[in-house]
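Shown below: coords07.txt, with compact mmCIF, C-alpha atoms and all ligand atoms.
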# COMPACT_ATOMS: atom_id res chain seq x y z
CA MET A 1 42.03 176.43 111.39
CA ARG A 2 42.14 176.90 115.16
CA ARG A 3 41.97 173.65 117.10
CA GLU A 4 40.36 173.49 120.54
CA GLN A 5 42.59 172.20 123.34
CA THR A 6 40.24 169.42 124.33
CA GLU A 7 40.33 166.10 122.50
CA GLU A 8 36.60 165.67 123.17
CA TYR A 9 34.19 166.65 120.46
CA ASP A 10 30.48 166.52 119.78
CA VAL A 11 31.18 165.14 116.31
CA ILE A 12 34.16 163.76 114.42
CA VAL A 13 33.80 164.06 110.66
CA ILE A 14 36.03 161.70 108.67
CA GLY A 15 36.62 162.98 105.14
CA GLY A 16 37.11 166.54 103.89
CA GLY A 17 35.52 166.43 100.44
CA ALA A 18 32.30 168.29 99.61
CA ALA A 19 30.22 166.12 101.98
CA GLY A 20 32.48 166.42 105.03
CA LEU A 21 33.23 170.11 104.53
CA SER A 22 29.62 171.17 104.13
CA ALA A 23 28.62 169.09 107.17
CA ALA A 24 31.39 170.78 109.18
CA VAL A 25 30.19 174.26 108.12
CA VAL A 26 26.61 173.53 109.22
CA LEU A 27 27.76 172.01 112.52
CA GLY A 28 30.22 174.87 113.11
CA ARG A 29 27.42 177.37 112.57
CA ALA A 30 25.36 175.36 115.09
CA ARG A 31 28.25 175.97 117.55
CA ARG A 32 29.10 172.29 117.86
CA ARG A 33 32.61 171.11 118.70
CA VAL A 34 33.72 169.35 115.53
CA LEU A 35 36.94 167.70 114.41
CA LEU A 36 37.28 167.24 110.66
CA CYS A 37 39.93 164.67 109.71
CA ASP A 38 40.98 164.45 106.09
CA ALA A 39 43.53 162.43 104.16
CA GLY A 40 43.26 164.89 101.24
CA ALA A 41 42.45 162.44 98.41
CA GLN A 42 39.13 163.78 97.08
CA ARG A 43 37.84 161.65 94.21
CA ASN A 44 37.93 164.43 91.59
CA SER A 45 41.25 165.91 92.70
CA CYS A 46 42.72 164.46 89.46
CA ALA A 47 40.37 166.65 87.37
CA GLU A 48 41.40 170.03 85.94
CA LYS A 49 37.86 171.38 86.21
CA MET A 50 34.67 170.61 88.10
CA HIS A 51 31.43 170.86 86.12
CA GLY A 52 27.75 171.05 86.95
CA PHE A 53 28.04 172.75 90.35
CA LEU A 54 25.63 175.66 90.51
CA SER A 55 27.61 178.95 90.34
CA ARG A 56 30.98 177.13 90.21
CA ASP A 57 30.81 175.42 86.80
CA GLY A 58 34.37 175.05 85.48
CA GLU A 59 36.07 175.86 88.81
CA SER A 60 39.10 173.74 89.68
CA PRO A 61 38.34 171.19 92.43
CA GLY A 62 41.31 172.52 94.43
CA GLU A 63 39.93 176.09 94.36
CA LEU A 64 36.56 174.91 95.72
CA LEU A 65 38.28 173.11 98.61
CA LYS A 66 40.46 176.16 99.31
CA ILE A 67 37.43 178.46 99.55
CA CYS A 68 35.54 175.94 101.72
CA LYS A 69 38.45 175.60 104.12
CA GLU A 70 38.90 179.39 104.37
CA GLN A 71 35.20 179.81 105.16
CA LEU A 72 35.26 176.93 107.65
CA ALA A 73 38.11 178.65 109.51
CA GLN A 74 35.62 181.35 110.62
CA TYR A 75 33.99 178.87 112.98
CA PRO A 76 36.18 178.52 116.07
CA SER A 77 34.57 175.32 117.34
CA VAL A 78 35.68 173.40 114.24
CA GLY A 79 39.15 171.83 114.19
CA PHE A 80 40.92 170.37 111.17
CA GLU A 81 43.42 167.49 111.09
CA ALA A 82 45.17 166.71 107.81
CA SER A 83 45.58 163.10 108.84
CA VAL A 84 44.30 159.60 108.06
CA VAL A 85 41.90 157.92 110.47
CA GLN A 86 43.31 154.42 110.79
CA ALA A 87 40.91 152.98 113.36
CA VAL A 88 37.60 153.81 115.03
CA GLU A 89 36.35 152.19 118.24
CA LYS A 90 32.75 152.41 119.36
CA SER A 91 32.02 152.61 123.09
CA SER A 92 28.82 153.14 125.09
CA SER A 93 29.53 156.89 125.19
CA GLY A 94 30.55 157.43 121.58
CA PHE A 95 33.54 156.93 119.30
CA ARG A 96 37.32 156.96 119.71
CA VAL A 97 39.26 157.72 116.57
CA GLU A 98 42.94 156.91 116.00
CA LEU A 99 44.78 159.22 113.65
CA THR A 100 48.12 158.69 111.92
CA SER A 101 49.19 161.99 113.54
CA GLY A 102 49.27 160.06 116.83
CA THR A 103 46.23 161.64 118.49
CA ALA A 104 43.12 159.71 119.53
CA PRO A 105 40.20 162.12 120.01
CA VAL A 106 36.73 161.04 121.14
CA ALA A 107 33.27 162.24 120.13
CA ASP A 108 29.63 161.50 120.83
CA LEU A 109 28.77 161.10 117.16
CA LEU A 110 30.62 160.17 113.99
CA LEU A 111 30.11 161.20 110.36
CA LEU A 112 31.70 159.10 107.63
CA ALA A 113 32.22 161.33 104.58
CA THR A 114 34.94 159.12 103.18
CA GLY A 115 33.82 159.00 99.53
CA MET A 116 34.22 156.22 96.98
CA ALA A 117 37.31 155.06 95.11
CA ASP A 118 37.57 154.10 91.42
CA ALA A 119 39.35 150.79 90.87
CA LEU A 120 41.23 151.77 87.72
CA PRO A 121 42.38 149.03 85.32
CA GLU A 122 46.12 148.75 84.69
CA ILE A 123 46.35 150.49 81.32
CA ASP A 124 49.49 152.27 80.20
CA GLY A 125 48.78 156.02 80.15
CA LEU A 126 45.50 155.89 82.09
CA ARG A 127 46.77 157.45 85.32
CA GLU A 128 48.18 160.45 83.41
CA ALA A 129 44.93 160.96 81.47
CA TRP A 130 42.55 160.28 84.41
CA GLY A 131 40.38 163.33 85.05
CA ARG A 132 41.89 165.23 82.07
CA SER A 133 40.56 163.23 79.13
CA ALA A 134 39.82 159.83 80.66
CA PHE A 135 36.54 160.12 82.51
CA VAL A 136 33.83 158.24 84.30
CA CYS A 137 30.75 160.46 84.26
CA PRO A 138 28.97 161.90 81.18
CA TYR A 139 27.24 164.53 83.34
CA CYS A 140 30.63 165.79 84.57
CA ASP A 141 32.55 165.76 81.29
CA GLY A 142 30.14 164.99 78.40
CA TRP A 143 29.67 168.62 77.34
CA GLU A 144 33.39 169.07 76.66
CA ILE A 145 33.54 166.09 74.25
CA GLN A 146 30.33 166.77 72.32
CA ASP A 147 30.46 165.58 68.68
CA ARG A 148 34.07 164.43 69.14
CA PRO A 149 35.42 160.87 68.72
CA ILE A 150 35.61 158.90 71.97
CA ALA A 151 36.37 155.35 73.14
CA VAL A 152 34.26 153.62 75.80
CA SER A 153 35.45 150.79 78.03
CA GLY A 154 33.33 148.71 80.40
CA GLY A 155 34.01 146.25 83.20
CA GLY A 156 32.59 148.24 86.09
CA VAL A 157 29.25 149.25 87.56
CA ARG A 158 27.53 149.03 84.17
CA SER A 159 28.27 147.61 80.75
CA ALA A 160 30.14 149.55 78.10
CA ILE A 161 27.04 149.37 75.85
CA ASP A 162 24.90 151.04 78.53
CA LEU A 163 27.52 153.76 78.95
CA ALA A 164 27.78 154.22 75.15
CA GLN A 165 23.98 154.57 74.91
CA GLU A 166 24.09 157.30 77.54
CA LEU A 167 27.00 159.09 75.85
CA TYR A 168 25.23 158.97 72.46
CA GLY A 169 23.38 162.14 73.51
CA TRP A 170 26.72 163.96 73.55
CA THR A 171 28.52 162.35 70.60
CA ARG A 172 27.81 159.73 67.97
CA LYS A 173 31.48 159.05 67.20
CA ILE A 174 31.86 156.22 69.68
CA THR A 175 33.96 153.03 69.65
CA VAL A 176 33.21 150.53 72.40
CA CYS A 177 36.41 148.64 73.28
CA GLY A 178 36.81 145.24 74.93
CA HIS A 179 33.16 144.20 74.79
CA THR A 180 33.05 140.42 74.57
CA GLU A 181 29.69 139.62 76.20
CA SER A 182 26.94 138.43 73.89
CA LEU A 183 24.66 141.21 72.69
CA SER A 184 20.89 141.18 73.13
CA THR A 185 18.69 141.67 70.05
CA ALA A 186 17.87 145.21 71.21
CA GLN A 187 21.58 146.06 71.64
CA THR A 188 22.47 144.63 68.20
CA THR A 189 19.68 146.66 66.59
CA TRP A 190 20.78 149.81 68.42
CA LEU A 191 24.44 149.35 67.43
CA HIS A 192 23.43 148.86 63.80
CA ALA A 193 21.17 151.93 63.76
CA SER A 194 23.48 154.20 65.76
CA GLY A 195 26.70 153.44 63.91
CA VAL A 196 28.51 152.89 67.21
CA ARG A 197 31.37 150.46 66.60
CA VAL A 198 32.30 147.58 68.91
CA ASP A 199 35.77 146.05 69.09
CA ALA A 200 36.24 143.00 71.29
CA HIS A 201 39.87 143.88 72.02
CA PRO A 202 40.45 145.76 75.27
CA ILE A 203 42.50 148.96 75.47
CA ARG A 204 46.21 148.22 75.96
CA ARG A 205 47.59 151.73 75.94
CA ILE A 206 46.31 155.30 76.01
CA VAL A 207 48.39 157.58 73.80
CA HIS A 208 48.22 161.07 75.21
CA ASP A 209 49.85 164.45 75.12
CA ASN A 210 50.29 165.69 78.68
CA GLY A 211 47.15 163.78 79.77
CA HIS A 212 45.13 164.72 76.68
CA VAL A 213 44.15 161.58 74.77
CA ARG A 214 45.15 161.33 71.11
CA SER A 215 44.34 157.65 70.48
CA VAL A 216 43.94 154.25 72.13
CA GLN A 217 45.91 151.17 71.14
CA LEU A 218 43.97 147.92 71.44
CA GLU A 219 45.29 144.48 72.41
CA GLY A 220 44.74 143.31 68.83
CA GLY A 221 47.12 145.98 67.56
CA ASP A 222 44.57 148.41 66.09
CA CYS A 223 44.84 152.08 66.97
CA ILE A 224 41.72 154.26 67.30
CA ASP A 225 42.02 158.03 67.10
CA CYS A 226 39.92 159.70 69.78
CA ASP A 227 39.86 162.76 72.04
CA ALA A 228 38.67 161.08 75.24
CA VAL A 229 37.98 157.72 76.87
CA PHE A 230 35.04 157.00 79.17
CA PHE A 231 35.33 154.11 81.62
CA SER A 232 32.84 152.21 83.66
CA VAL A 233 35.06 151.02 86.51
CA PRO A 234 34.28 149.07 89.70
CA LEU A 235 33.75 151.28 92.75
CA LYS A 236 34.69 150.60 96.34
CA GLN A 237 34.39 152.53 99.58
CA GLY A 238 37.03 155.23 100.06
CA SER A 239 37.70 153.71 103.49
CA ASP A 240 36.88 150.37 105.11
CA ILE A 241 35.92 152.06 108.41
CA ALA A 242 32.16 151.58 107.85
CA GLU A 243 32.60 147.85 107.31
CA ARG A 244 34.96 147.53 110.28
CA LEU A 245 32.42 149.34 112.48
CA GLY A 246 29.77 146.86 111.35
CA CYS A 247 27.64 149.30 109.30
CA LYS A 248 25.15 147.47 107.09
CA MET A 249 26.14 147.76 103.43
CA ASN A 250 23.98 147.97 100.32
CA GLY A 251 26.28 146.55 97.68
CA ALA A 252 29.32 148.85 97.60
CA ARG A 253 27.38 151.62 99.39
CA ILE A 254 26.81 152.23 103.09
CA GLU A 255 23.14 151.71 103.95
CA ALA A 256 21.73 154.94 105.40
CA ASP A 257 18.22 156.21 106.13
CA ASP A 258 16.68 159.52 105.01
CA CYS A 259 18.55 161.29 107.81
CA ASN A 260 21.88 159.68 106.83
CA ARG A 261 21.90 157.40 109.89
CA THR A 262 23.76 154.14 109.37
CA SER A 263 22.80 150.89 111.10
CA VAL A 264 25.39 151.64 113.85
CA PRO A 265 23.83 153.98 116.45
CA GLY A 266 25.53 157.39 116.47
CA CYS A 267 27.30 156.81 113.17
CA PHE A 268 26.14 158.82 110.13
CA ALA A 269 27.37 158.69 106.53
CA ALA A 270 27.16 161.26 103.72
CA GLY A 271 28.37 161.87 100.17
CA ASP A 272 29.32 159.45 97.42
CA ASN A 273 29.54 156.58 99.92
CA VAL A 274 25.74 156.39 100.40
CA THR A 275 24.38 157.04 96.90
CA HIS A 276 24.81 156.08 93.26
CA VAL A 277 24.51 159.74 92.16
CA HIS A 278 28.09 160.96 92.29
CA GLN A 279 28.22 164.73 91.94
CA VAL A 280 29.96 167.31 94.11
CA ILE A 281 26.77 169.31 94.68
CA VAL A 282 24.87 166.17 95.69
CA ALA A 283 27.66 165.24 98.12
CA ALA A 284 27.56 168.76 99.58
CA ALA A 285 23.77 168.54 100.05
CA SER A 286 24.12 165.10 101.62
CA GLY A 287 26.61 166.56 104.11
CA VAL A 288 24.15 169.31 105.03
CA ARG A 289 21.33 166.82 105.57
CA ALA A 290 23.53 164.63 107.76
CA ALA A 291 24.70 167.64 109.78
CA ILE A 292 21.12 168.70 110.53
CA ALA A 293 20.22 165.16 111.62
CA ILE A 294 23.36 165.04 113.79
CA ASN A 295 22.52 168.36 115.40
CA ASP A 296 18.96 167.17 116.06
CA GLU A 297 20.42 164.19 117.91
CA LEU A 298 22.71 166.47 119.94
CA VAL A 299 19.76 168.74 120.78
CA CYS A 300 17.91 165.69 122.21
CA ARG A 301 21.02 164.86 124.27
CA ASP A 302 21.24 168.47 125.56
CA VAL A 303 17.53 168.45 126.55
CA ARG A 304 17.92 165.10 128.38
CA GLN A 305 20.84 166.53 130.38
CA LEU A 306 18.70 169.42 131.67
CA VAL A 307 15.56 167.48 132.69
C1 LIG A 401 37.52 161.81 87.19
C2 LIG A 401 36.34 162.36 87.95
C3 LIG A 401 35.82 163.59 87.61
C4 LIG A 401 34.71 164.09 88.28
N1 LIG A 401 34.22 165.28 87.90
C5 LIG A 401 33.15 165.79 88.52
C6 LIG A 401 32.58 167.03 88.07
O1 LIG A 401 33.04 167.66 87.11
N2 LIG A 401 31.47 167.48 88.73
C7 LIG A 401 30.92 166.81 89.78
O2 LIG A 401 29.93 167.27 90.34
N3 LIG A 401 31.44 165.62 90.22
C8 LIG A 401 32.55 165.11 89.62
N4 LIG A 401 33.06 163.92 90.04
C9 LIG A 401 32.44 163.24 91.20
C10 LIG A 401 32.96 163.86 92.52
O3 LIG A 401 34.37 163.70 92.57
C11 LIG A 401 32.32 163.19 93.75
O4 LIG A 401 30.92 163.14 93.62
C12 LIG A 401 32.67 163.98 95.02
O5 LIG A 401 34.08 164.10 95.16
C13 LIG A 401 32.10 163.27 96.26
O6 LIG A 401 32.39 164.01 97.41
P1 LIG A 401 32.59 163.25 98.81
O7 LIG A 401 32.81 164.34 99.81
O8 LIG A 401 31.52 162.26 99.03
O9 LIG A 401 33.94 162.38 98.62
P2 LIG A 401 35.40 162.85 98.23
O10 LIG A 401 35.41 164.14 97.53
O11 LIG A 401 36.02 161.68 97.53
O12 LIG A 401 36.11 163.07 99.64
C14 LIG A 401 36.34 162.02 100.54
C15 LIG A 401 37.50 162.43 101.43
O13 LIG A 401 37.60 161.49 102.51
C16 LIG A 401 38.97 161.27 102.76
N5 LIG A 401 39.15 160.02 103.50
C17 LIG A 401 38.78 158.76 103.12
N6 LIG A 401 39.13 157.88 104.07
C18 LIG A 401 39.72 158.61 105.07
C19 LIG A 401 40.29 158.25 106.33
N7 LIG A 401 40.33 156.99 106.77
N8 LIG A 401 40.82 159.24 107.10
C20 LIG A 401 40.78 160.55 106.69
N9 LIG A 401 40.24 160.91 105.50
C21 LIG A 401 39.73 159.96 104.72
C22 LIG A 401 39.59 161.25 101.36
O14 LIG A 401 41.00 161.42 101.41
C23 LIG A 401 38.85 162.41 100.71
O15 LIG A 401 39.53 163.63 100.91
C24 LIG A 401 34.15 163.36 89.37
C25 LIG A 401 34.68 162.12 89.73
C26 LIG A 401 35.76 161.61 89.03
C27 LIG A 401 36.33 160.26 89.42

Here is the file; what I need is its structure written in the form of structure tokens.
Ligand SMILES: Cc1cc2nc3c(=O)[nH]c(=O)nc-3n(C[C@H](O)[C@H](O)[C@H](O)COP(=O)(O)OP(=O)(O)OC[C@H]3O[C@@H](n4cnc5c(N)ncnc54)[C@H](O)[C@@H]3O)c2cc1C
Amino acid sequence: MRREQTEEYDVIVIGGGAAGLSAAVVLGRARRRVLLCDAGAQRNSCAEKMHGFLSRDGESPGELLKICKEQLAQYPSVGFEASVVQAVEKSSSGFRVELTSGTAPVADLLLLATGMADALPEIDGLREAWGRSAFVCPYCDGWEIQDRPIAVSGGGVRSAIDLAQELYGWTRKITVCGHTESLSTAQTTWLHASGVRVDAHPIRRIVHDNGHVRSVQLEGGDCIDCDAVFFSVPLKQGSDIAERLGCKMNGARIEADDCNRTSVPGCFAAGDNVTHVHQVIVAAASGVRAAIAINDELVCRDVRQLV
């Protein structure tokens, strides 16, 4: 993409996933000077296919990004830096961003589209299977495993039993692994009625064939044949920039209003980092909403300059 000579922008967007890219398209079409900085580690880049995106169901995540970047290149006021933002300073006039490429551009407004990161447990074989047959979201990957045997492991944003109850709509052949917390009466009744098995031993190793799960070996020595593993893992921000800037947090998420404004004036946030609904299409819509709010703020600035 063509980069303007000036290092001054209306907006710097940090993060080039669905949220950042769609915000940059809207702002580029509004003829704003935008710099999009991206480290290139989109959360689903490990996945072979992306599901549930209207008109792009089953597309590879890389193909979506490629098309987005090609389309973004049509807008000459948008620059792209494949670089990590390592620091952001706020001043009375805006934001100064330090990139690992060595440049330090400034902008009036900032959009954090930095995503969330999955804190994966250290399990032999998990990294190879992640996104191929080890998953996090039933809405993204449940259809592909319908009626097939799966293992479920907890320890993250929700319990393994909650995740198993959700997955029961897709398959009944479920073994919950590593669940040691005491069960409520309702959970015990549900487990009995559903036939879902619980093993207190956590997963020690994922046996896979080129990332495709064949079985899981448990700490106790048992081996469970299955075609996929679903994890509930802890989530953290994809970048600590929001916290370093002093943005108010809501648990692991950045607190943002209906227009994606954070508590720091001039700083907006969009995508996975502001919501618990983690889907590419939702992140893209969040980026659009933030971009419109950002442009509204720039319009107010432009009007003030003329009166
Ligand atoms: C295994 C898996 C499979 C999934 N499958 C699906 C699916 O099938 N369908 C679906 O709809 N959703 C799926 N998701 C969810 C989807 O990945 C997210 O909802 C989506 O990626 C969020 O988009 P985003 O733009 O908010 O963040 P991301 O796509 O994560 O993009 C954030 C970007 O910001 C960059 N960044 C972060 N910090 C910095 C920094 N300091 N400087 C520069 N750049 C930075 C990152 O490198 C990254 O490129 C899946 C998630 C996982 C984990």

Mind listing the residues within 7 Å of ligand LIG 401 (chain A), all atoms listed in the file counted, as a ChimeraX atom specification? /A:14-20,37-44,46-47,49-53,83-86,113-116,118,130-131,135-137,140-141,238-239,241,270-273,278-281,283-284

Please write as a list in words the list of polymer residues whose atoms come within 8 Å of (32.6, 169.7, 121.6), counting only C-alpha atoms and keeping to the coordinates of the file.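 The requested residues, written out, are Glu8, Tyr9, Asp10, Val11, Arg32, Arg33, Val34, Ser77 and Ala107 of chain A.
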
Taking C-alpha atoms for each residue, export the selection above as a short mmCIF file (atom, residue, chain, number, x, y, z; two decimals), keeping the file's coordinate frame.
data_model
loop_
_atom_site.label_atom_id
_atom_site.label_comp_id
_atom_site.auth_asym_id
_atom_site.auth_seq_id
_atom_site.Cartn_x
_atom_site.Cartn_y
_atom_site.Cartn_z
CA GLU A 8 36.60 165.67 123.17
CA TYR A 9 34.19 166.65 120.46
CA ASP A 10 30.48 166.52 119.78
CA VAL A 11 31.18 165.14 116.31
CA ARG A 32 29.10 172.29 117.86
CA ARG A 33 32.61 171.11 118.70
CA VAL A 34 33.72 169.35 115.53
CA SER A 77 34.57 175.32 117.34
CA ALA A 107 33.27 162.24 120.13
#

Would you list the contacts of range 196-213 of chain A as a ChimeraX atom specification, taking every protein, DNA or RNA residue within 7 Å and counting only C-alpha atoms, but skipping same-chain residues closer than 2 positions in sequence? /A:123-126,128-129,132-133,172-180,191,194,215-220,226-228

Within 6 Å of range 250-260 of chain A, counting all atoms listed in the file, which residues show up once you throw out same-chain ones fewer than 4 positions away? Write them as a compact mmCIF listing (two decimals) with C-alpha atoms, in the frame of the given file, please.
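That gives us result.txt:
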# COMPACT_ATOMS: atom_id res chain seq x y z
CA LYS A 236 34.69 150.60 96.34
CA PHE A 268 26.14 158.82 110.13
CA ALA A 269 27.37 158.69 106.53
CA ASN A 273 29.54 156.58 99.92
CA VAL A 274 25.74 156.39 100.40
CA ALA A 290 23.53 164.63 107.76
CA ALA A 293 20.22 165.16 111.62

Determine the nearest neighbour of Ala82 in chain A from the options A:Leu35, A:Ala30, A:Gln146, A:Ala117, counting only C-alpha atoms.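 So, comparing all the options, the nearest one is A:Leu35.
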
Which residues are close to Phe231 in chain A, i.e. within 10 Å by all atoms listed in the file, leaving aside same-chain residues fewer than 4 positions away? Reply as a PDB file with C-alpha atoms, in the coordinates of the input.
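Output contents, as saved in selection.pdb:
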ATOM      1  CA  LEU A 120      41.230 151.770  87.720  1.00  0.00           C
ATOM      2  CA  PRO A 121      42.380 149.030  85.320  1.00  0.00           C
ATOM      3  CA  TRP A 130      42.550 160.280  84.410  1.00  0.00           C
ATOM      4  CA  ALA A 134      39.820 159.830  80.660  1.00  0.00           C
ATOM      5  CA  PHE A 135      36.540 160.120  82.510  1.00  0.00           C
ATOM      6  CA  VAL A 136      33.830 158.240  84.300  1.00  0.00           C
ATOM      7  CA  CYS A 137      30.750 160.460  84.260  1.00  0.00           C
ATOM      8  CA  ALA A 151      36.370 155.350  73.140  1.00  0.00           C
ATOM      9  CA  VAL A 152      34.260 153.620  75.800  1.00  0.00           C
ATOM     10  CA  SER A 153      35.450 150.790  78.030  1.00  0.00           C
ATOM     11  CA  GLY A 154      33.330 148.710  80.400  1.00  0.00           C
ATOM     12  CA  GLY A 155      34.010 146.250  83.200  1.00  0.00           C
ATOM     13  CA  GLY A 156      32.590 148.240  86.090  1.00  0.00           C
ATOM     14  CA  VAL A 157      29.250 149.250  87.560  1.00  0.00           C
ATOM     15  CA  ARG A 158      27.530 149.030  84.170  1.00  0.00           C
ATOM     16  CA  SER A 159      28.270 147.610  80.750  1.00  0.00           C
ATOM     17  CA  ALA A 160      30.140 149.550  78.100  1.00  0.00           C
ATOM     18  CA  LEU A 163      27.520 153.760  78.950  1.00  0.00           C
ATOM     19  CA  ALA A 164      27.780 154.220  75.150  1.00  0.00           C
TER      20      ALA A 164
END

Here CA of His276 in chain A and CA of Pro149 in chain A stand apart by 27.2 Å

When distances are computed from all atoms listed in the file, which of A:Trp190, A:Phe230, A:Trp170, A:Trp143 shows the smallest separation from Gly58 in chain A?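 Among A:Trp190, A:Phe230, A:Trp170, A:Trp143, it is A:Trp143 that comes nearest to Gly58 in chain A.
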
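Going from CA of Glu166 in chain A over to CA of Ser232 in chain A, you cover 11.8 Å.
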
Using all atoms listed in the file, which residues sit within 7 Å of Phe95 in chain A once same-chain residues fewer than 3 positions away are excluded, as a PDB file with C-alpha atoms, in the coordinates of the input?
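Result file follows (around-v7.pdb):
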ATOM      1  CA  VAL A  88      37.600 153.810 115.030  1.00  0.00           C
ATOM      2  CA  GLU A  89      36.350 152.190 118.240  1.00  0.00           C
ATOM      3  CA  LYS A  90      32.750 152.410 119.360  1.00  0.00           C
ATOM      4  CA  SER A  91      32.020 152.610 123.090  1.00  0.00           C
ATOM      5  CA  VAL A 106      36.730 161.040 121.140  1.00  0.00           C
ATOM      6  CA  ALA A 107      33.270 162.240 120.130  1.00  0.00           C
ATOM      7  CA  ASP A 108      29.630 161.500 120.830  1.00  0.00           C
ATOM      8  CA  LEU A 109      28.770 161.100 117.160  1.00  0.00           C
ATOM      9  CA  LEU A 110      30.620 160.170 113.990  1.00  0.00           C
TER      10      LEU A 110
END

Mind checking which residues fall within 8 Å of Tyr75 in chain A, counting all atoms listed in the file, ignoring those fewer than 3 positions away in the same chain, and posting them as a list in words?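 Everything that qualifies: Val25, Gly28, Arg29, Arg31, Gln71, Leu72 and Val78 of chain A.
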
Which value, in Å to one decimal, gives the distance between CA of Arg301 in chain A and CA of Ala23 in chain A?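 Separating CA of Arg301 in chain A from CA of Ala23 in chain A is a distance of 19.2 Å.
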
For Thr103 in chain A, the nearest of the candidates A:Asp147, A:Lys66, A:Glu7, A:Leu183, counting only C-alpha atoms: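 Checking each of A:Asp147, A:Lys66, A:Glu7, A:Leu183 against Thr103 in chain A, counting only C-alpha atoms, the winner is A:Glu7.
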
For each of A:Ile150, A:Val307, A:Ala186, A:Cys247, take the minimum atom-to-atom distance to Thr171 in chain A, counting only C-alpha atoms, then give the residue where this is smallest.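 The answer is A:Ile150, which sits nearest to Thr171 in chain A.
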